[in-house]
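A.B. asks: Next comes query-v2.cif, mmCIF, C-alpha atoms:
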```
data_structure
#
loop_
_atom_site.label_atom_id
_atom_site.label_comp_id
_atom_site.auth_asym_id
_atom_site.auth_seq_id
_atom_site.Cartn_x
_atom_site.Cartn_y
_atom_site.Cartn_z
CA MET D 1 -9.43 14.42 -19.19
CA ALA D 2 -5.87 13.45 -18.28
CA ASP D 3 -4.64 10.56 -20.40
CA PHE D 4 -3.36 8.61 -17.39
CA LEU D 5 -7.00 7.64 -16.79
CA ALA D 6 -6.81 5.42 -19.88
CA ASN D 7 -4.61 3.05 -17.86
CA TYR D 8 -7.46 2.19 -15.50
CA SER D 9 -8.95 -0.82 -17.24
CA ILE D 10 -10.37 -4.12 -16.09
CA GLN D 11 -8.12 -5.92 -18.60
CA LYS D 12 -4.94 -4.46 -17.07
CA TRP D 13 -6.19 -5.35 -13.59
CA LEU D 14 -6.90 -8.95 -14.72
CA GLU D 15 -3.40 -9.34 -16.18
CA SER D 16 -1.63 -7.87 -13.15
CA CYS D 17 -3.64 -9.29 -10.31
CA PRO D 18 -5.71 -12.51 -10.74
CA GLN D 19 -3.61 -13.70 -13.72
CA GLY D 20 -0.43 -12.30 -12.14
CA TYR D 21 0.65 -12.38 -8.53
CA LEU D 22 -2.53 -14.10 -7.30
CA GLU D 23 -2.28 -16.97 -9.79
CA ASP D 24 -2.25 -20.35 -8.02
CA THR D 25 -2.97 -18.83 -4.59
CA VAL D 26 -5.73 -19.92 -2.23
CA PHE D 27 -7.05 -17.12 0.01
CA GLY D 28 -3.92 -15.17 -0.97
CA HIS D 29 -1.30 -17.79 -0.02
CA GLY D 30 0.16 -21.00 -1.38
CA PRO D 31 -2.23 -23.99 -1.31
CA ASP D 32 0.10 -25.93 1.02
CA GLU D 33 0.95 -23.10 3.41
CA ARG D 34 -0.45 -23.29 6.96
CA GLU D 35 -0.34 -21.22 10.15
CA PRO D 36 2.66 -22.44 12.19
CA ASP D 37 1.92 -25.16 14.76
CA ASP D 38 3.62 -23.27 17.59
CA LEU D 39 1.28 -20.36 16.99
CA LEU D 40 -1.85 -22.53 17.11
CA LYS D 41 -0.73 -24.30 20.29
CA ASN D 42 0.11 -21.19 22.30
CA GLU D 43 -3.08 -19.52 23.54
CA SER D 44 -1.74 -16.04 24.28
CA TYR D 45 0.18 -15.88 20.98
CA ARG D 46 -2.88 -17.11 19.07
CA GLU D 47 -5.06 -14.50 20.79
CA GLN D 48 -2.56 -11.79 19.88
CA GLN D 49 -2.77 -12.87 16.22
CA ILE D 50 -6.59 -12.94 16.38
CA ARG D 51 -6.61 -9.40 17.76
CA THR D 52 -4.30 -8.17 14.97
CA THR D 53 -6.33 -9.93 12.27
CA VAL D 54 -9.60 -8.44 13.57
CA GLN D 55 -8.18 -4.93 13.06
CA LEU D 56 -7.23 -5.86 9.49
CA ILE D 57 -10.77 -7.11 8.80
CA ALA D 58 -12.30 -3.94 10.29
CA GLY D 59 -10.03 -1.72 8.20
CA GLU D 60 -10.78 -3.68 5.04
CA ARG D 61 -14.55 -3.63 5.67
CA CYS D 62 -14.27 0.17 5.86
CA ALA D 63 -12.24 0.23 2.63
CA LEU D 64 -14.81 -2.00 0.91
CA ALA D 65 -17.68 0.29 1.95
CA ALA D 66 -15.74 3.39 0.89
CA SER D 67 -14.48 2.17 -2.50
CA SER D 68 -17.87 0.73 -3.50
CA GLY D 69 -19.61 3.94 -2.34
CA LEU D 70 -17.20 6.07 -4.35
CA VAL D 71 -18.01 4.29 -7.63
CA ASN D 72 -21.23 6.28 -7.95
CA ALA D 73 -19.56 9.51 -6.82
CA ALA D 74 -16.76 9.33 -9.42
CA PRO D 75 -17.00 12.04 -12.10
CA ASP D 76 -15.67 9.93 -15.00
CA GLN D 77 -15.92 6.39 -16.34
CA ALA D 78 -12.22 5.57 -15.93
CA SER D 79 -12.36 6.37 -12.20
CA LYS D 80 -15.52 4.29 -11.84
CA THR D 81 -13.73 1.39 -13.55
CA PHE D 82 -10.70 1.70 -11.29
CA LEU D 83 -12.87 1.89 -8.17
CA ALA D 84 -14.77 -1.19 -9.34
CA THR D 85 -11.46 -3.12 -9.41
CA GLN D 86 -10.53 -1.64 -6.04
CA THR D 87 -13.90 -2.75 -4.64
CA LEU D 88 -13.08 -6.33 -5.64
CA ASP D 89 -9.57 -5.99 -4.14
CA GLU D 90 -11.04 -4.79 -0.84
CA GLY D 91 -13.68 -7.53 -0.86
CA ARG D 92 -10.88 -10.04 -1.37
CA HIS D 93 -8.94 -8.55 1.54
CA VAL D 94 -11.95 -8.87 3.83
CA GLU D 95 -12.30 -12.50 2.74
CA ILE D 96 -8.65 -13.53 3.13
CA PHE D 97 -8.29 -11.96 6.57
CA THR D 98 -11.62 -13.50 7.64
CA GLN D 99 -10.29 -16.85 6.42
CA ARG D 100 -7.19 -16.26 8.53
CA LEU D 101 -9.42 -15.93 11.60
CA TYR D 102 -10.95 -19.31 10.71
CA ASP D 103 -7.44 -20.73 10.26
CA LEU D 104 -6.63 -19.44 13.75
CA GLY D 105 -9.51 -21.49 15.12
CA ILE D 106 -12.45 -19.07 15.11
CA LYS D 107 -15.71 -20.76 14.09
CA PRO D 108 -17.77 -19.01 11.37
CA ASP D 109 -20.69 -18.65 13.81
CA ASP D 110 -18.40 -16.73 16.19
CA LEU D 111 -16.99 -14.36 13.56
CA GLU D 112 -19.01 -11.24 14.40
CA SER D 113 -18.79 -11.71 18.15
CA THR D 114 -15.01 -12.16 17.85
CA ILE D 115 -14.72 -8.96 15.84
CA LYS D 116 -16.88 -7.15 18.41
CA THR D 117 -14.70 -8.42 21.25
CA TYR D 118 -11.36 -7.42 19.77
CA ILE D 119 -12.06 -4.40 17.55
CA ASN D 120 -10.22 -1.25 18.45
CA PRO D 121 -12.89 1.44 19.14
CA HIS D 122 -10.76 4.20 17.61
CA LEU D 123 -10.68 2.34 14.31
CA GLY D 124 -14.48 2.63 14.19
CA LYS D 125 -14.25 6.41 14.64
CA PHE D 126 -11.57 6.58 11.94
CA ALA D 127 -13.96 4.78 9.56
CA GLU D 128 -16.90 7.03 10.49
CA VAL D 129 -15.04 10.19 9.39
CA LEU D 130 -14.31 8.66 5.99
CA LEU D 131 -17.70 7.04 5.40
CA GLU D 132 -19.50 10.31 6.20
CA LYS D 133 -17.73 11.88 3.19
CA VAL D 134 -18.53 8.86 1.02
CA ASP D 135 -22.20 8.98 2.04
CA LYS D 136 -22.30 12.61 0.87
CA LYS D 137 -20.82 11.49 -2.48
CA ASP D 138 -17.87 13.83 -1.90
CA PHE D 139 -15.43 12.27 -4.39
CA VAL D 140 -12.37 14.43 -3.65
CA ALA D 141 -12.58 14.05 0.15
CA GLY D 142 -13.58 10.39 -0.18
CA VAL D 143 -10.57 9.51 -2.34
CA VAL D 144 -8.15 11.45 -0.11
CA GLY D 145 -9.58 9.70 2.96
CA GLN D 146 -9.67 6.27 1.34
CA ASN D 147 -6.75 6.13 -1.09
CA ILE D 148 -4.27 8.38 0.65
CA VAL D 149 -5.02 8.31 4.40
CA LEU D 150 -6.52 4.82 4.87
CA GLU D 151 -4.46 3.11 2.15
CA GLY D 152 -1.33 4.98 3.18
CA MET D 153 -1.80 3.71 6.72
CA ALA D 154 -2.56 0.17 5.51
CA PHE D 155 0.53 0.20 3.26
CA SER D 156 2.84 0.90 6.23
CA VAL D 157 1.03 -1.47 8.61
CA PHE D 158 1.10 -4.32 6.07
CA GLU D 159 4.78 -3.73 5.39
CA MET D 160 5.60 -3.88 9.09
CA LEU D 161 3.54 -7.06 9.58
CA HIS D 162 5.04 -8.57 6.41
CA THR D 163 8.57 -7.85 7.62
CA GLY D 164 7.78 -9.51 10.92
CA ALA D 165 6.09 -12.56 9.38
CA LEU D 166 8.63 -13.34 6.63
CA GLU D 167 10.75 -15.66 8.78
CA THR D 168 8.22 -16.95 11.30
CA ASN D 169 4.97 -17.26 9.31
CA PRO D 170 5.46 -17.58 5.51
CA LYS D 171 1.74 -18.20 4.98
CA PHE D 172 0.74 -14.86 6.54
CA ALA D 173 3.67 -13.10 4.81
CA HIS D 174 2.49 -14.45 1.44
CA THR D 175 -1.07 -13.29 2.16
CA LEU D 176 0.22 -9.82 3.01
CA SER D 177 2.47 -9.53 -0.07
CA GLY D 178 -0.60 -9.72 -2.34
CA THR D 179 -2.41 -7.04 -0.36
CA ILE D 180 0.70 -4.79 -0.50
CA ALA D 181 0.74 -5.17 -4.30
CA ASP D 182 -2.94 -4.16 -4.37
CA GLU D 183 -2.24 -1.14 -2.16
CA ARG D 184 0.35 0.12 -4.63
CA ARG D 185 -2.40 0.56 -7.24
CA HIS D 186 -4.74 2.13 -4.70
CA VAL D 187 -2.31 4.77 -3.43
CA GLY D 188 -1.24 5.41 -7.03
CA PHE D 189 -4.84 6.12 -8.01
CA GLY D 190 -5.29 8.39 -4.97
CA GLU D 191 -2.23 10.47 -5.71
CA ASN D 192 -2.68 10.70 -9.46
CA ARG D 193 -6.41 11.38 -9.49
CA ILE D 194 -6.49 13.79 -6.55
CA GLY D 195 -3.23 15.45 -7.57
CA GLU D 196 -5.01 16.53 -10.71
CA LEU D 197 -8.37 17.39 -9.06
CA ILE D 198 -6.85 19.50 -6.26
CA ARG D 199 -5.15 21.64 -8.87
CA ARG D 200 -8.52 22.08 -10.57
CA TYR D 201 -10.50 22.71 -7.35
CA PRO D 202 -8.11 24.41 -4.88
CA GLU D 203 -11.09 25.66 -2.86
CA ARG D 204 -11.53 22.09 -1.57
CA LYS D 205 -8.17 22.07 0.24
CA ALA D 206 -9.28 23.37 3.66
CA ASP D 207 -12.15 20.91 4.04
CA VAL D 208 -10.08 17.92 2.89
CA GLN D 209 -7.23 18.86 5.23
CA ARG D 210 -9.68 19.01 8.17
CA MET D 211 -10.83 15.49 7.36
CA GLN D 212 -7.19 14.32 7.18
CA ARG D 213 -6.55 15.87 10.61
CA ASP D 214 -9.57 14.08 12.14
CA MET D 215 -8.65 10.75 10.56
CA THR D 216 -5.04 11.11 11.71
CA LYS D 217 -6.18 11.73 15.29
CA HIS D 218 -8.18 8.49 15.34
CA MET D 219 -5.39 6.59 13.57
CA LEU D 220 -2.82 7.58 16.21
CA ALA D 221 -5.28 6.63 18.96
CA THR D 222 -5.77 3.27 17.21
CA PHE D 223 -2.03 2.62 17.19
CA HIS D 224 -1.69 3.64 20.84
CA GLU D 225 -4.52 1.38 21.95
CA ALA D 226 -3.27 -1.51 19.81
CA PHE D 227 0.27 -1.42 21.16
CA SER D 228 -0.75 -0.79 24.78
CA ARG D 229 -3.01 -3.87 24.67
CA SER D 230 -0.44 -6.14 23.04
CA PRO D 231 1.70 -8.48 25.11
CA ALA D 232 5.25 -7.28 25.66
CA VAL D 233 6.70 -9.40 22.88
CA ALA D 234 6.21 -8.27 19.32
CA ASP D 235 4.24 -10.21 16.70
CA THR D 236 7.46 -11.52 15.23
CA VAL D 237 8.43 -13.66 18.19
CA ALA D 238 7.13 -17.19 18.00
CA PRO D 239 6.50 -18.95 21.32
CA SER D 240 8.86 -21.79 20.39
CA GLY D 241 11.69 -19.36 20.88
CA ARG D 242 12.36 -18.92 17.17
CA LYS D 243 13.27 -15.26 17.17
CA SER D 244 12.99 -13.26 13.99
CA ASN D 245 15.92 -11.12 12.90
CA ALA D 246 13.53 -8.84 11.04
CA THR D 247 14.11 -5.11 11.25
CA TYR D 248 11.60 -2.36 10.49
CA GLN D 249 12.73 1.26 10.23
CA GLY D 250 15.96 0.32 11.99
CA LEU D 251 14.17 -1.46 14.86
CA LYS D 252 14.86 -5.11 15.56
CA LEU D 253 11.24 -6.22 15.86
CA ALA D 254 11.84 -9.20 18.13
CA GLU D 255 13.55 -7.00 20.71
CA ALA D 256 11.59 -3.76 20.39
CA SER D 257 9.30 -2.56 23.18
CA ASN D 258 5.67 -1.74 22.38
CA GLU D 259 6.44 1.96 22.79
CA GLU D 260 9.27 1.72 20.27
CA MET D 261 7.05 -0.17 17.82
CA GLU D 262 4.24 2.38 18.17
CA SER D 263 6.68 5.23 17.73
CA ALA D 264 8.31 3.69 14.63
CA LEU D 265 4.99 2.92 12.94
CA SER D 266 3.45 6.31 13.75
CA ALA D 267 6.53 8.17 12.53
CA THR D 268 6.59 6.15 9.30
CA VAL D 269 2.90 6.66 8.54
CA LEU D 270 2.94 10.38 9.39
CA GLY D 271 6.10 10.90 7.35
CA GLU D 272 4.45 9.22 4.36
CA PHE D 273 1.26 11.30 4.83
CA LYS D 274 3.23 14.56 4.85
CA THR D 275 5.16 13.60 1.74
CA ARG D 276 2.16 12.31 -0.20
CA LEU D 277 -0.11 15.22 0.75
CA GLY D 278 2.65 17.70 -0.08
CA ARG D 279 3.08 16.18 -3.54
CA ILE D 280 -0.59 16.65 -4.40
CA GLY D 281 -0.72 20.20 -3.04
CA LEU D 282 -2.24 19.60 0.40
CA GLU D 283 -0.67 20.57 3.70
CA TYR D 284 -0.54 17.94 6.43
CA GLN D 285 -2.57 18.99 9.48
CA SER D 286 -1.35 17.72 12.83
CA PRO D 287 -4.15 16.54 15.13
CA VAL D 288 -2.34 17.86 18.23
CA MET U 1 7.90 -4.80 -25.30
CA ASN U 2 7.61 -1.27 -23.92
CA ASP U 3 10.47 0.15 -21.92
CA PRO U 4 9.19 2.29 -19.03
CA LEU U 5 11.43 5.05 -20.42
CA GLU U 6 8.76 6.99 -22.29
CA THR U 7 10.59 10.05 -23.59
CA ALA U 8 14.07 11.45 -23.43
CA ARG U 9 14.88 15.14 -23.27
CA ARG U 10 15.82 16.72 -26.55
CA ALA U 11 18.78 18.78 -25.37
CA PRO U 12 22.12 17.67 -26.81
CA GLU U 13 23.84 15.13 -24.59
CA ARG U 14 27.55 15.00 -23.98
CA ARG U 15 28.03 11.26 -24.27
CA PRO U 16 25.95 8.35 -25.46
CA ARG U 17 23.79 6.62 -22.90
CA GLN U 18 24.92 3.31 -21.50
CA SER U 19 22.81 0.31 -22.45
CA PHE U 20 21.74 -2.37 -19.98
CA GLU U 21 20.65 -5.97 -20.35
CA LEU U 22 17.68 -6.54 -18.06
CA GLU U 23 17.27 -9.86 -16.27
CA GLU U 24 14.22 -11.13 -14.35
CA THR U 25 14.15 -9.87 -10.75
CA GLY U 26 11.31 -11.92 -9.29
CA PHE U 27 8.97 -8.94 -9.38
CA ASN U 28 5.52 -10.31 -10.20
CA GLU U 29 3.12 -7.40 -9.72
CA VAL U 30 2.75 -6.53 -13.41
CA PRO U 31 1.96 -8.70 -16.47
CA LYS U 32 4.79 -11.11 -17.33
CA ARG U 33 6.11 -9.21 -20.36
CA PHE U 34 6.82 -6.12 -18.24
CA ARG U 35 8.29 -7.75 -15.13
CA LYS U 36 11.97 -7.25 -15.96
CA PHE U 37 11.43 -3.49 -15.98
CA TYR U 38 10.73 -3.40 -12.24
CA ARG U 39 12.20 -4.69 -9.02
CA ARG U 40 11.44 -4.43 -5.31
CA TRP U 41 13.18 -1.65 -3.39
CA ARG U 42 15.35 -2.91 -0.52
CA GLY U 43 15.16 0.23 1.62
CA PRO U 44 17.23 3.39 2.03
CA LYS U 45 20.53 1.50 1.70
CA ASP U 46 19.53 0.16 -1.73
CA LYS U 47 21.86 1.82 -4.27
CA LEU U 48 20.18 2.50 -7.61
CA ALA U 49 21.98 1.75 -10.88
CA PRO U 50 22.26 4.43 -13.62
CA ASN U 51 19.29 2.82 -15.43
CA GLU U 52 17.06 2.78 -12.33
CA ALA U 53 14.67 5.23 -10.65
CA LEU U 54 12.63 4.87 -7.47
CA CYS U 55 8.90 5.52 -7.76
CA PRO U 56 8.09 7.88 -4.86
CA VAL U 57 4.43 6.79 -4.85
CA CYS U 58 4.72 3.02 -4.42
CA LYS U 59 8.45 2.51 -3.69
CA VAL U 60 9.13 0.16 -6.60
CA VAL U 61 12.36 0.52 -8.60
CA ILE U 62 11.79 1.21 -12.31
CA ARG U 63 14.46 -0.12 -14.70
CA SER U 64 15.25 0.89 -18.25
CA THR U 65 17.42 -0.62 -20.97
CA LYS U 66 19.08 2.80 -21.23
CA GLU U 67 20.86 4.97 -18.68
CA LEU U 68 18.37 7.45 -17.19
CA ARG U 69 18.97 11.20 -17.14
CA ALA U 70 17.26 14.35 -15.86
CA GLY U 71 14.35 15.25 -18.11
CA ASP U 72 13.45 11.64 -18.93
CA ARG U 73 9.89 10.51 -18.35
CA VAL U 74 9.23 7.03 -17.01
CA TYR U 75 6.10 5.03 -16.23
CA CYS U 76 5.52 3.07 -13.04
CA MET U 77 3.14 0.29 -14.00
CA PRO U 78 2.56 -1.14 -10.46
CA CYS U 79 0.92 2.12 -9.31
CA MET U 80 0.23 3.61 -12.77
CA SER U 81 2.14 6.86 -12.11
CA ARG U 82 3.87 8.94 -14.75
CA LEU U 83 7.15 10.33 -13.51
CA GLU U 84 9.72 12.86 -14.66
CA LEU U 85 13.33 12.65 -13.57
CA VAL U 86 14.88 15.78 -12.09
CA GLU U 87 18.32 16.39 -10.67
CA GLU U 88 18.50 17.85 -7.16
CA ASN U 89 21.86 18.32 -5.43
CA GLY U 90 23.46 15.94 -7.88
CA VAL U 91 20.91 13.20 -7.19
CA LEU U 92 18.39 11.98 -9.76
CA LEU U 93 14.84 12.01 -8.33
CA ALA U 94 11.53 10.95 -9.84
CA LYS U 95 8.67 13.45 -9.59
CA VAL U 96 5.04 12.60 -10.27
CA ILE U 97 3.39 14.29 -13.23
CA TYR U 98 -0.24 15.06 -12.34
#
```
Rewrite the coordinates I just gave you, this time as structure tokens.

C.D. replies:
Amino acid sequence: MADFLANYSIQKWLESCPQGYLEDTVFGHGPDEREPDDLLKNESYREQQIRTTVQLIAGERCALAASSGLVNAAPDQASKTFLATQTLDEGRHVEIFTQRLYDLGIKPDDLESTIKTYINPHLGKFAEVLLEKVDKKDFVAGVVGQNIVLEGMAFSVFEMLHTGALETNPKFAHTLSGTIADERRHVGFGENRIGELIRRYPERKADVQRMQRDMTKHMLATFHEAFSRSPAVADTVAPSGRKSNATYQGLKLAEASNEEMESALSATVLGEFKTRLGRIGLEYQSPV
Amino acid sequence: MNDPLETARRAPERRPRQSFELEETGFNEVPKRFRKFYRRWRGPKDKLAPNEALCPVCKVVIRSTKELRAGDRVYCMPCMSRLELVEENGVLLAKVIY
């Protein structure tokens, strides 16, 4: 067994995460931080934020189901331990984004109906491809789907949202910074564990690459649907007129069109996929 | 306190390595005693110092008390990756050791 697995311990997770960057936070942000007033008072801006947050909850529910399902599929104790910590991370993400919906004015009784109203249908198909592998206890495909494809996508989406929220919504930015820190561990586990397993089981490459192609197709459809449904102004523009100067991949977010935003995010995520997959010995498969 | 610089290559080196004093950078994603060994990356325009390497997995900058050179192995604690430094076209890059 590779000795890097010895680093996956509950103690290290405790010191880094709950006793580290999450110390003194409440639902992932500072106890005194609130959603901005101008957001809560502007109905179309608030709805836009609700729609975005629903996609985050849906993605995190998928990640929770996948990481918990993979615990019993893992071939060694260290991987089970890591996935147990990841399960708690994902459960926390579901909770903090659900709390954000409440902070945006959604009543707990309306949670599921709100999710049903705003969820992007392509995101559901994306999750189905991954959870089918998890249900079959296919550890290699499950970890590639979860920790490289899903987490790789989440990493880029969170970074874009974080960049946009830094100036206009410090509470949401703070919430996202903790999830980004969690994602670093998750993508690290995916690359390190699968990088080793793919070298040991090269016959699994074709099947895993097919799954990546299918997940990528649904991911791109998710982005397209999300940006085509959004209002013309990006998430970073507060209705009060406070314009963010934030830039993402060279794009000034407050001035970018939805097409430009979709193109920048898709290019970033696909570029990361190609690089990550290449490093572990897999070849990126284009869905087109 | 463990420096992320795990091993140095054994080949004879032309000049002694520079030493660096590490200050806190505000990075809080690892236990307190290790925080000064890491910092957040500020994007493609972020110029790395001779004692720094960029983790290709999680995009955190790893810092050592010694100048880094090709052949050195470093550890990225935020994503738990082991990396080896290689020189490509005169640029020092970190490669993951699987």

A.B. asks: Identify, on the basis of only C-alpha atoms, every residue whose closest approach to Thr216 (chain D) does not exceed 8 Å; exclude the query and any residue fewer than 4 positions from it along the same chain; express the result as a VMD selection string.

C.D. replies: chain D and resid 126 149 212 220 286 to 287

A.B. asks: Run through the PyMOL selection byres ((chain U and resi 17) around 9) on the given coordinates and return the selected residues as a count of residues only.

C.D. replies: 9

A.B. asks: Is it possible to get the residues within 9 Å of (-14.0, -2.4, 4.2) (coordinates as in the file, counting all atoms listed in the file) written as a PyMOL selection string?

C.D. replies: chain D and resi 57-67+87+90-91+93-94+127

A.B. asks: Could you please take those selected residues and save C-alpha atoms as an mmCIF file, in the frame of the given file?

C.D. replies:
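As a result, part.cif now contains:
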```
data_model
loop_
_atom_site.group_PDB
_atom_site.id
_atom_site.type_symbol
_atom_site.label_atom_id
_atom_site.label_comp_id
_atom_site.auth_asym_id
_atom_site.auth_seq_id
_atom_site.Cartn_x
_atom_site.Cartn_y
_atom_site.Cartn_z
ATOM 1 C CA ILE D 57 -10.770 -7.110 8.800
ATOM 2 C CA ALA D 58 -12.300 -3.940 10.290
ATOM 3 C CA GLY D 59 -10.030 -1.720 8.200
ATOM 4 C CA GLU D 60 -10.780 -3.680 5.040
ATOM 5 C CA ARG D 61 -14.550 -3.630 5.670
ATOM 6 C CA CYS D 62 -14.270 0.170 5.860
ATOM 7 C CA ALA D 63 -12.240 0.230 2.630
ATOM 8 C CA LEU D 64 -14.810 -2.000 0.910
ATOM 9 C CA ALA D 65 -17.680 0.290 1.950
ATOM 10 C CA ALA D 66 -15.740 3.390 0.890
ATOM 11 C CA SER D 67 -14.480 2.170 -2.500
ATOM 12 C CA THR D 87 -13.900 -2.750 -4.640
ATOM 13 C CA GLU D 90 -11.040 -4.790 -0.840
ATOM 14 C CA GLY D 91 -13.680 -7.530 -0.860
ATOM 15 C CA HIS D 93 -8.940 -8.550 1.540
ATOM 16 C CA VAL D 94 -11.950 -8.870 3.830
ATOM 17 C CA ALA D 127 -13.960 4.780 9.560
#
```

A.B. asks: If you count only C-alpha atoms, which residues fall within 7 Å of His218 (chain D), apart from same-chain ones fewer than 3 positions away, as a PyMOL selection string?

C.D. replies: chain D and resi 122-123+125-126+214-215+221-222

A.B. asks: Starting from the shown file, work through the PyMOL selection byres ((chain U) within 7 of (chain D)) and note down what comes out as a count of residues only.

C.D. replies: 11

A.B. asks: Work out how far apart CA of Lys136 (chain D) and CA of Leu70 (chain D) are and give it in Å to one decimal.

C.D. replies: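 Distance between the two atoms: 9.8 Å.
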